[in-house]
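> Contents of run_16.cif (mmCIF, C-alpha atoms and all ligand atoms) are given next:
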data_final
loop_
_atom_site.label_atom_id
_atom_site.label_comp_id
_atom_site.auth_asym_id
_atom_site.auth_seq_id
_atom_site.Cartn_x
_atom_site.Cartn_y
_atom_site.Cartn_z
CA MET A 1 -1.31 -23.49 16.12
CA TYR A 2 1.95 -21.85 15.14
CA GLN A 3 5.17 -20.67 16.74
CA PHE A 4 8.06 -18.56 15.51
CA VAL A 5 11.37 -20.34 15.12
CA ASP A 6 13.45 -17.45 16.50
CA PRO A 7 12.94 -16.42 20.14
CA PRO A 8 11.29 -12.98 20.68
CA GLU A 9 14.49 -11.15 21.63
CA ILE A 10 16.26 -12.29 18.44
CA ARG A 11 13.25 -11.35 16.30
CA LYS A 12 13.11 -7.93 17.92
CA ASP A 13 16.77 -7.23 17.13
CA LYS A 14 16.40 -8.42 13.54
CA ARG A 15 13.25 -6.31 13.03
CA LEU A 16 14.92 -3.16 14.31
CA ILE A 17 17.88 -3.57 11.99
CA TRP A 18 15.61 -4.45 9.06
CA ALA A 19 13.36 -1.42 9.63
CA ALA A 20 16.32 0.93 9.96
CA THR A 21 17.79 -0.39 6.70
CA ARG A 22 14.56 -0.35 4.70
CA SER A 23 13.63 3.12 5.95
CA VAL A 24 16.83 4.51 4.44
CA TRP A 25 16.10 2.93 1.04
CA GLU A 26 12.47 4.05 1.05
CA ASN A 27 13.15 7.60 2.17
CA MET A 28 15.99 8.03 -0.33
CA GLY A 29 13.77 6.65 -3.11
CA TYR A 30 16.36 3.97 -3.90
CA VAL A 31 15.90 0.33 -4.80
CA LEU A 32 18.39 -2.51 -4.36
CA LYS A 33 18.14 -5.22 -7.01
CA LYS A 34 19.23 -8.85 -7.02
CA ARG A 35 21.34 -8.23 -10.11
CA GLY A 36 23.29 -5.69 -8.07
CA GLY A 37 23.68 -2.00 -7.50
CA LYS A 38 21.39 0.60 -6.11
CA SER A 39 19.35 2.89 -8.32
CA LYS A 40 16.54 5.41 -8.13
CA SER A 41 13.07 3.90 -8.39
CA HIS A 42 11.60 4.44 -11.86
CA TRP A 43 8.05 3.64 -10.81
CA ASN A 44 6.78 7.23 -11.17
CA LEU A 45 8.16 7.44 -14.71
CA PHE A 46 6.47 4.12 -15.52
CA VAL A 47 3.13 5.45 -14.20
CA ARG A 48 3.48 8.52 -16.47
CA LEU A 49 4.00 6.27 -19.49
CA LEU A 50 0.94 4.27 -18.47
CA LYS A 51 -1.16 7.43 -18.56
CA ILE A 52 -0.37 7.73 -22.26
CA PHE A 53 -1.32 4.08 -22.74
CA ALA A 54 -4.57 4.67 -20.80
CA PHE A 55 -5.39 7.58 -23.12
CA LEU A 56 -4.91 5.29 -26.14
CA LEU A 57 -7.21 2.70 -24.56
CA ARG A 58 -9.88 5.34 -23.97
CA ILE A 59 -9.88 6.67 -27.53
CA THR A 60 -10.03 3.13 -28.91
CA GLY A 61 -12.94 2.23 -26.59
CA GLN A 62 -11.00 -0.54 -24.77
CA TYR A 63 -10.59 1.11 -21.38
CA LYS A 64 -14.11 0.29 -20.12
CA LYS A 65 -13.70 -3.37 -21.06
CA GLY A 66 -10.32 -3.59 -19.31
CA TYR A 67 -11.76 -1.89 -16.23
CA GLY A 68 -14.59 -4.44 -16.08
CA ASN A 69 -12.03 -7.24 -16.41
CA ALA A 70 -10.04 -5.81 -13.48
CA LYS A 71 -13.15 -5.95 -11.26
CA THR A 72 -13.81 -9.60 -12.11
CA ILE A 73 -11.89 -11.86 -9.74
CA HIS A 74 -11.71 -15.59 -10.48
CA ASN A 75 -11.46 -18.45 -7.98
CA THR A 76 -8.62 -20.82 -8.76
CA GLU A 77 -8.25 -24.17 -6.97
CA ILE A 78 -5.30 -26.49 -7.40
CA GLU A 79 -4.17 -29.72 -5.75
CA LEU A 80 -0.50 -30.41 -5.20
CA LYS A 81 0.94 -33.78 -4.20
CA PHE A 82 4.10 -34.16 -2.15
CA PRO A 83 5.62 -37.49 -1.05
CA ASN A 84 7.20 -35.84 2.03
CA LEU A 85 4.15 -33.95 3.30
CA PRO A 86 3.49 -34.95 6.93
CA ALA A 87 0.31 -37.03 7.12
CA ALA A 88 -1.42 -34.57 9.45
CA PHE A 89 -1.33 -31.99 6.64
CA ASN A 90 -2.93 -34.22 4.01
CA GLY A 91 -5.82 -32.13 2.67
CA PHE A 92 -4.48 -28.91 4.25
CA ARG A 93 -5.92 -25.95 2.37
CA ILE A 94 -4.03 -22.70 1.78
CA LEU A 95 -5.78 -19.51 0.74
CA HIS A 96 -3.14 -17.69 -1.28
CA LEU A 97 -3.83 -13.99 -1.81
CA SER A 98 -1.40 -11.77 -3.63
CA ASP A 99 -1.22 -8.22 -4.94
CA LEU A 100 -4.51 -7.13 -3.42
CA HIS A 101 -3.76 -3.48 -4.23
CA ILE A 102 -6.91 -3.01 -2.23
CA ASP A 103 -7.23 0.71 -3.04
CA SER A 104 -6.84 0.18 -6.78
CA LEU A 105 -10.58 0.12 -7.52
CA PRO A 106 -13.59 1.60 -5.71
CA GLY A 107 -15.34 -1.00 -3.54
CA PHE A 108 -12.60 -3.53 -4.19
CA THR A 109 -12.60 -4.82 -0.60
CA SER A 110 -16.19 -6.01 -1.06
CA LEU A 111 -15.32 -7.69 -4.35
CA ILE A 112 -12.51 -9.66 -2.67
CA ILE A 113 -14.73 -10.56 0.28
CA ASP A 114 -17.38 -11.89 -2.12
CA LYS A 115 -14.76 -14.21 -3.59
CA ILE A 116 -13.39 -15.58 -0.30
CA LYS A 117 -16.31 -15.57 2.11
CA ASP A 118 -17.55 -19.04 1.15
CA LEU A 119 -14.13 -20.64 0.74
CA ARG A 120 -12.85 -23.30 3.11
CA PHE A 121 -9.19 -23.04 4.11
CA ASP A 122 -6.85 -23.80 7.01
CA ILE A 123 -4.35 -21.01 6.59
CA CYS A 124 -4.07 -17.79 4.62
CA LEU A 125 -0.80 -16.64 3.02
CA LEU A 126 -0.56 -13.15 1.55
CA THR A 127 2.39 -12.46 -0.73
CA GLY A 128 2.54 -8.67 -0.69
CA ASP A 129 1.44 -5.47 -2.43
CA TYR A 130 -1.50 -4.20 -0.39
CA ARG A 131 -1.77 -0.68 -1.83
CA ILE A 132 -1.66 0.72 -5.36
CA ASP A 133 1.04 3.36 -4.92
CA ALA A 134 4.65 2.39 -4.37
CA SER A 135 5.28 5.29 -1.99
CA GLY A 136 3.41 7.83 0.12
CA SER A 137 0.51 7.34 2.50
CA PHE A 138 -0.60 3.95 3.76
CA SER A 139 -3.02 4.83 6.58
CA HIS A 140 -6.05 4.61 4.28
CA MET A 141 -5.20 0.92 3.82
CA LEU A 142 -5.67 -0.12 7.41
CA LYS A 143 -9.46 -0.02 7.56
CA PRO A 144 -10.08 -2.13 4.43
CA ILE A 145 -7.37 -4.61 5.48
CA ARG A 146 -9.00 -4.99 8.90
CA ILE A 147 -12.42 -5.48 7.30
CA LEU A 148 -10.99 -8.11 4.95
CA SER A 149 -9.18 -9.93 7.75
CA LYS A 150 -12.51 -10.47 9.55
CA TYR A 151 -13.55 -12.66 6.63
CA ILE A 152 -10.31 -14.63 6.57
CA GLN A 153 -10.17 -16.10 10.11
CA ALA A 154 -7.99 -19.07 9.19
CA PRO A 155 -7.68 -21.68 11.97
CA PHE A 156 -3.88 -21.95 11.56
CA GLY A 157 -3.35 -18.22 11.11
CA THR A 158 -2.90 -15.56 8.47
CA PHE A 159 0.66 -14.74 7.43
CA ALA A 160 1.81 -11.93 5.19
CA VAL A 161 4.97 -10.61 3.56
CA LEU A 162 5.61 -7.16 2.12
CA GLY A 163 5.81 -6.38 -1.58
CA ASN A 164 7.57 -3.63 -3.48
CA HIS A 165 4.48 -1.39 -3.15
CA ASP A 166 4.50 -1.67 0.64
CA THR A 167 6.29 0.36 3.24
CA TYR A 168 8.12 -0.89 6.32
CA LEU A 169 5.79 1.39 8.32
CA MET A 170 2.97 -1.10 7.73
CA ALA A 171 4.82 -3.70 9.80
CA GLN A 172 3.70 -2.19 13.10
CA TYR A 173 0.02 -2.70 12.17
CA GLY A 174 0.23 -6.33 11.01
CA LYS A 175 -0.85 -8.06 14.20
CA GLU A 176 -3.68 -5.68 15.01
CA SER A 177 -4.90 -6.09 11.43
CA GLY A 178 -5.29 -9.81 12.02
CA MET A 179 -2.12 -11.14 10.45
CA GLU A 180 1.44 -12.08 11.32
CA LEU A 181 3.92 -10.30 9.11
CA LEU A 182 6.96 -12.42 8.27
CA VAL A 183 10.09 -10.36 7.67
CA ASN A 184 12.92 -12.78 6.98
CA GLU A 185 11.37 -15.09 9.56
CA SER A 186 10.01 -18.60 9.84
CA VAL A 187 7.06 -20.08 11.69
CA GLU A 188 6.30 -23.68 12.49
CA ILE A 189 2.72 -24.72 11.80
CA ILE A 190 1.78 -27.54 14.15
CA LYS A 191 -1.06 -29.96 13.48
CA ASP A 192 -1.71 -33.20 15.37
CA GLY A 193 1.86 -33.17 16.68
CA GLN A 194 3.43 -32.77 13.22
CA LYS A 195 5.11 -29.65 11.83
CA ILE A 196 5.67 -27.84 8.59
CA LEU A 197 7.74 -24.69 8.19
CA ILE A 198 6.72 -21.43 6.53
CA THR A 199 9.37 -18.82 5.76
CA GLY A 200 8.54 -15.30 4.60
CA THR A 201 11.06 -12.72 3.42
CA ASP A 202 11.06 -9.03 2.70
CA ASP A 203 10.42 -8.04 -0.92
CA PRO A 204 13.46 -8.96 -3.04
CA PHE A 205 12.36 -6.96 -6.11
CA ASN A 206 13.21 -3.52 -4.71
CA PHE A 207 14.77 -4.40 -1.35
CA TYR A 208 17.04 -7.35 -2.05
CA THR A 209 19.18 -8.20 0.99
CA GLU A 210 21.42 -10.97 2.24
CA SER A 211 19.16 -11.21 5.30
CA ALA A 212 16.38 -12.53 3.05
CA LEU A 213 18.72 -15.15 1.60
CA LEU A 214 20.08 -16.16 4.99
CA CYS A 215 16.66 -16.77 6.49
CA LEU A 216 16.07 -19.49 3.90
CA GLU A 217 18.89 -21.59 5.40
CA THR A 218 16.52 -23.71 7.44
CA LYS A 219 17.05 -27.33 8.40
CA GLY A 220 15.25 -30.11 10.20
CA TYR A 221 11.78 -29.99 8.62
CA ASP A 222 10.05 -32.55 6.43
CA PHE A 223 8.11 -29.94 4.48
CA LYS A 224 8.85 -26.26 3.90
CA ILE A 225 6.95 -23.43 2.23
CA ALA A 226 8.52 -20.14 1.15
CA MET A 227 6.25 -17.13 0.71
CA ILE A 228 7.98 -14.27 -1.06
CA HIS A 229 6.64 -11.40 -3.13
CA THR A 230 8.61 -12.30 -6.27
CA SER A 231 10.20 -15.39 -7.77
CA GLU A 232 13.69 -13.93 -7.33
CA LEU A 233 14.60 -16.16 -4.40
CA ALA A 234 13.24 -19.33 -6.01
CA ARG A 235 16.66 -20.72 -6.90
CA ALA A 236 17.92 -20.16 -3.37
CA ALA A 237 14.76 -21.70 -1.89
CA SER A 238 15.11 -24.73 -4.14
CA GLU A 239 18.74 -25.17 -3.04
CA TYR A 240 17.65 -24.98 0.59
CA LYS A 241 15.12 -27.78 -0.08
CA TYR A 242 11.88 -25.86 0.09
CA ASP A 243 8.98 -27.84 -1.27
CA LEU A 244 6.55 -25.09 -2.20
CA TYR A 245 7.22 -21.47 -3.20
CA LEU A 246 4.34 -18.99 -3.34
CA CYS A 247 4.72 -15.59 -4.94
CA GLY A 248 2.96 -12.96 -7.00
CA HIS A 249 4.14 -9.53 -8.13
CA THR A 250 3.73 -10.02 -11.89
CA HIS A 251 -0.09 -9.82 -11.93
CA GLY A 252 0.42 -12.40 -14.68
CA GLY A 253 1.36 -9.40 -16.78
CA GLN A 254 -2.05 -7.75 -16.13
CA ILE A 255 -2.20 -6.77 -19.81
CA CYS A 256 -1.53 -9.73 -22.07
CA ILE A 257 -1.97 -10.40 -25.75
CA LYS A 258 -4.48 -13.09 -26.70
CA ASN A 259 -2.31 -16.13 -25.94
CA GLY A 260 -1.58 -14.90 -22.41
CA VAL A 261 1.84 -13.44 -23.18
CA PRO A 262 2.37 -10.31 -21.06
CA LEU A 263 3.44 -7.00 -22.57
CA ILE A 264 5.44 -6.40 -19.37
CA SER A 265 5.94 -8.89 -16.52
CA HIS A 266 8.22 -6.92 -14.17
CA GLN A 267 10.36 -9.96 -13.47
CA PHE A 268 13.67 -11.13 -14.87
CA GLU A 269 13.86 -14.74 -13.72
CA GLY A 270 12.38 -16.34 -16.83
CA LYS A 271 9.05 -16.75 -18.61
CA LYS A 272 7.93 -19.73 -16.58
CA PHE A 273 7.69 -17.56 -13.47
CA ASN A 274 5.18 -15.14 -15.04
CA HIS A 275 2.10 -16.88 -13.65
CA GLY A 276 0.73 -20.23 -12.55
CA LEU A 277 2.49 -23.43 -11.58
CA TRP A 278 6.17 -24.07 -12.24
CA LYS A 279 8.89 -26.44 -11.09
CA LEU A 280 12.47 -25.71 -10.06
CA GLY A 281 14.40 -28.83 -9.12
CA ASN A 282 12.18 -30.69 -6.65
CA MET A 283 10.40 -27.49 -5.61
CA THR A 284 6.94 -26.59 -6.87
CA GLY A 285 6.13 -22.92 -7.31
CA TYR A 286 3.00 -20.92 -7.91
CA THR A 287 2.97 -17.34 -9.18
CA SER A 288 -0.41 -15.76 -8.54
CA ARG A 289 -1.91 -13.42 -11.13
CA GLY A 290 -2.97 -11.39 -8.10
CA ALA A 291 -6.34 -10.01 -7.12
CA GLY A 292 -5.76 -6.31 -7.76
CA VAL A 293 -4.13 -4.08 -10.31
CA SER A 294 -1.41 -1.48 -10.29
CA GLY A 295 -0.34 1.26 -12.64
CA MET A 296 -3.64 1.29 -14.50
CA PRO A 297 -6.97 -0.24 -13.39
CA VAL A 298 -7.39 -2.55 -16.37
CA ARG A 299 -6.72 -6.19 -17.23
CA PHE A 300 -6.71 -7.92 -20.58
CA ASN A 301 -6.43 -11.68 -21.17
CA CYS A 302 -5.16 -12.13 -17.62
CA PRO A 303 -7.90 -12.58 -15.03
CA ALA A 304 -7.45 -11.62 -11.39
CA GLU A 305 -7.51 -14.52 -8.97
CA VAL A 306 -7.75 -15.74 -5.40
CA THR A 307 -6.30 -19.22 -5.04
CA ILE A 308 -6.92 -22.26 -2.92
CA ILE A 309 -4.00 -24.67 -2.83
CA LYS A 310 -4.80 -28.08 -1.42
CA LEU A 311 -1.80 -30.06 -0.18
CA GLN A 312 -1.90 -33.80 -0.51
CA THR A 313 0.42 -36.67 0.31
CA SER A 314 1.36 -38.91 -2.60
FE FE B 1 1.55 -5.98 -7.37
#
Written as structure tokens, that's how I'd like the structure from this file.

Amino acid sequence: MYQFVDPPEIRKDKRLIWAATRSVWENMGYVLKKRGGKSKSHWNLFVRLLKIFAFLLRITGQYKKGYGNAKTIHNTEIELKFPNLPAAFNGFRILHLSDLHIDSLPGFTSLIIDKIKDLRFDICLLTGDYRIDASGSFSHMLKPIRILSKYIQAPFGTFAVLGNHDTYLMAQYGKESGMELLVNESVEIIKDGQKILITGTDDPFNFYTESALLCLETKGYDFKIAMIHTSELARAASEYKYDLYLCGHTHGGQICIKNGVPLISHQFEGKKFNHGLWKLGNMTGYTSRGAGVSGMPVRFNCPAEVTIIKLQTS
């Protein structure tokens, strides 16, 4: 079972203020970055440049191969040991899904379902980016998300945060789509009388706010997980004694040269946050390569993934 840390009336007030703030940024087409200052989103310009790159891939015969790679999702399973993990959570299995971009490829919902339908997990954590576009319509997303959520059915719940491709308008459909959206909020997961804490923030890549930082100031828990679209709050989470930090956003680069080095990673925190496991102080982090694609429906040297993370005491 789970319960929110904040009482309903406090959550309601915080949500209203959050939605009002994010709606202004989205509707003005502005982004607010961690490194400071507001600016116009350059995503549409980036997509135009990608169209030139896609043309080059087509004339060199590489596009079809990259497209096939994008439709091939890998299962990743990792075990992580923590000395402070409450005993009741020994063996607890997290399904970590990130960057589904579920409308990025035809029939992609079925491809994801094929990869998760036989997996065993206790909880599902989704770290943002549910659609391919970074603005515009989202209603076409609801049906595939609801279909997918029928195959998730995690006993301890499904929790999601928004990414930079998502709109605040999606928040009202979270619960009826089978998931709890965490917007600068924390939930306690309770098992056999013991608790762990999960905190989820709004996307800090394009909508960086002090509210996201403040919600990480949590105390009184033996084990804490942060789920955030990007690695940008990792240093803050480590300072606030989080044990595990789950994120995505980079797609692992999506297009990498042979040794896995991305051409573009869309993150500025450092190379180690591009994909996979990393450490920051005592905190362990995992950056998912994501299941879907954005910008262009191809992958090279950077397979898509759905991830099972098994927590163990040590
Ligand atoms: Fe993404």
> My list of candidates is A:Leu125, A:Ile189, A:Met296, A:Ile132. Which is closest to Ile228 of chain A when distances are computed with all atoms listed in the file?
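Of the candidates, the smallest distance to Ile228 of chain A is held by A:Leu125.
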> Using only C-alpha atoms, which of A:Asn206, A:Asn282, A:Thr218, A:Ser139 sits nearest Arg235 of chain A?
A:Asn282
> For a cutoff of 12 Å around the file-coordinate point (-3.1, -35.6, 10.0), which residues qualify once you count all atoms listed in the file? I'd like the result as number ranges by chain.
A: 85-92, 190-196, 311-313
> Using all atoms listed in the file, which protein or nucleic acid residues come within 12 Å of Ala19 of chain A? Drop anything in the same chain fewer than 2 positions from it, and give the result as a ChimeraX atom specification.
/A:11-17,21-27,167-172,183-184,202,207
> To check your reading of the model: which residues sit at most 9 Å from ligand FE 1 (chain B) when counting only C-alpha atoms and all ligand atoms? Write the answer as a short mmCIF file (atom, residue, chain, number, x, y, z; two decimals) with C-alpha atoms, in the coordinates of the input.

data_model
loop_
_atom_site.label_atom_id
_atom_site.label_comp_id
_atom_site.auth_asym_id
_atom_site.auth_seq_id
_atom_site.Cartn_x
_atom_site.Cartn_y
_atom_site.Cartn_z
CA SER A 98 -1.40 -11.77 -3.63
CA ASP A 99 -1.22 -8.22 -4.94
CA LEU A 100 -4.51 -7.13 -3.42
CA HIS A 101 -3.76 -3.48 -4.23
CA GLY A 128 2.54 -8.67 -0.69
CA ASP A 129 1.44 -5.47 -2.43
CA TYR A 130 -1.50 -4.20 -0.39
CA ARG A 131 -1.77 -0.68 -1.83
CA ILE A 132 -1.66 0.72 -5.36
CA GLY A 163 5.81 -6.38 -1.58
CA ASN A 164 7.57 -3.63 -3.48
CA HIS A 165 4.48 -1.39 -3.15
CA HIS A 229 6.64 -11.40 -3.13
CA GLY A 248 2.96 -12.96 -7.00
CA HIS A 249 4.14 -9.53 -8.13
CA THR A 250 3.73 -10.02 -11.89
CA HIS A 251 -0.09 -9.82 -11.93
CA GLY A 290 -2.97 -11.39 -8.10
CA ALA A 291 -6.34 -10.01 -7.12
CA GLY A 292 -5.76 -6.31 -7.76
CA VAL A 293 -4.13 -4.08 -10.31
CA SER A 294 -1.41 -1.48 -10.29
#
> Could you jot down the atom CA of Thr230 of chain A to atom CA of Gly252 of chain A separation for me, Å, one decimal place?
11.7 Å
> Quick one: everything within 8 Å of Leu244 of chain A, counting all atoms listed in the file, minus sequence neighbours fewer than 5 positions away in the same chain. Send it as a ChimeraX atom specification.
/A:224-226,283-286
> Using C-alpha atoms, can you write the selected residues to a file as a PDB file, keeping the file's coordinate frame?

ATOM      1  CA  LYS A 224       8.850 -26.260   3.900  1.00  0.00           C
ATOM      2  CA  ILE A 225       6.950 -23.430   2.230  1.00  0.00           C
ATOM      3  CA  ALA A 226       8.520 -20.140   1.150  1.00  0.00           C
ATOM      4  CA  MET A 283      10.400 -27.490  -5.610  1.00  0.00           C
ATOM      5  CA  THR A 284       6.940 -26.590  -6.870  1.00  0.00           C
ATOM      6  CA  GLY A 285       6.130 -22.920  -7.310  1.00  0.00           C
ATOM      7  CA  TYR A 286       3.000 -20.920  -7.910  1.00  0.00           C
TER       8      TYR A 286
END
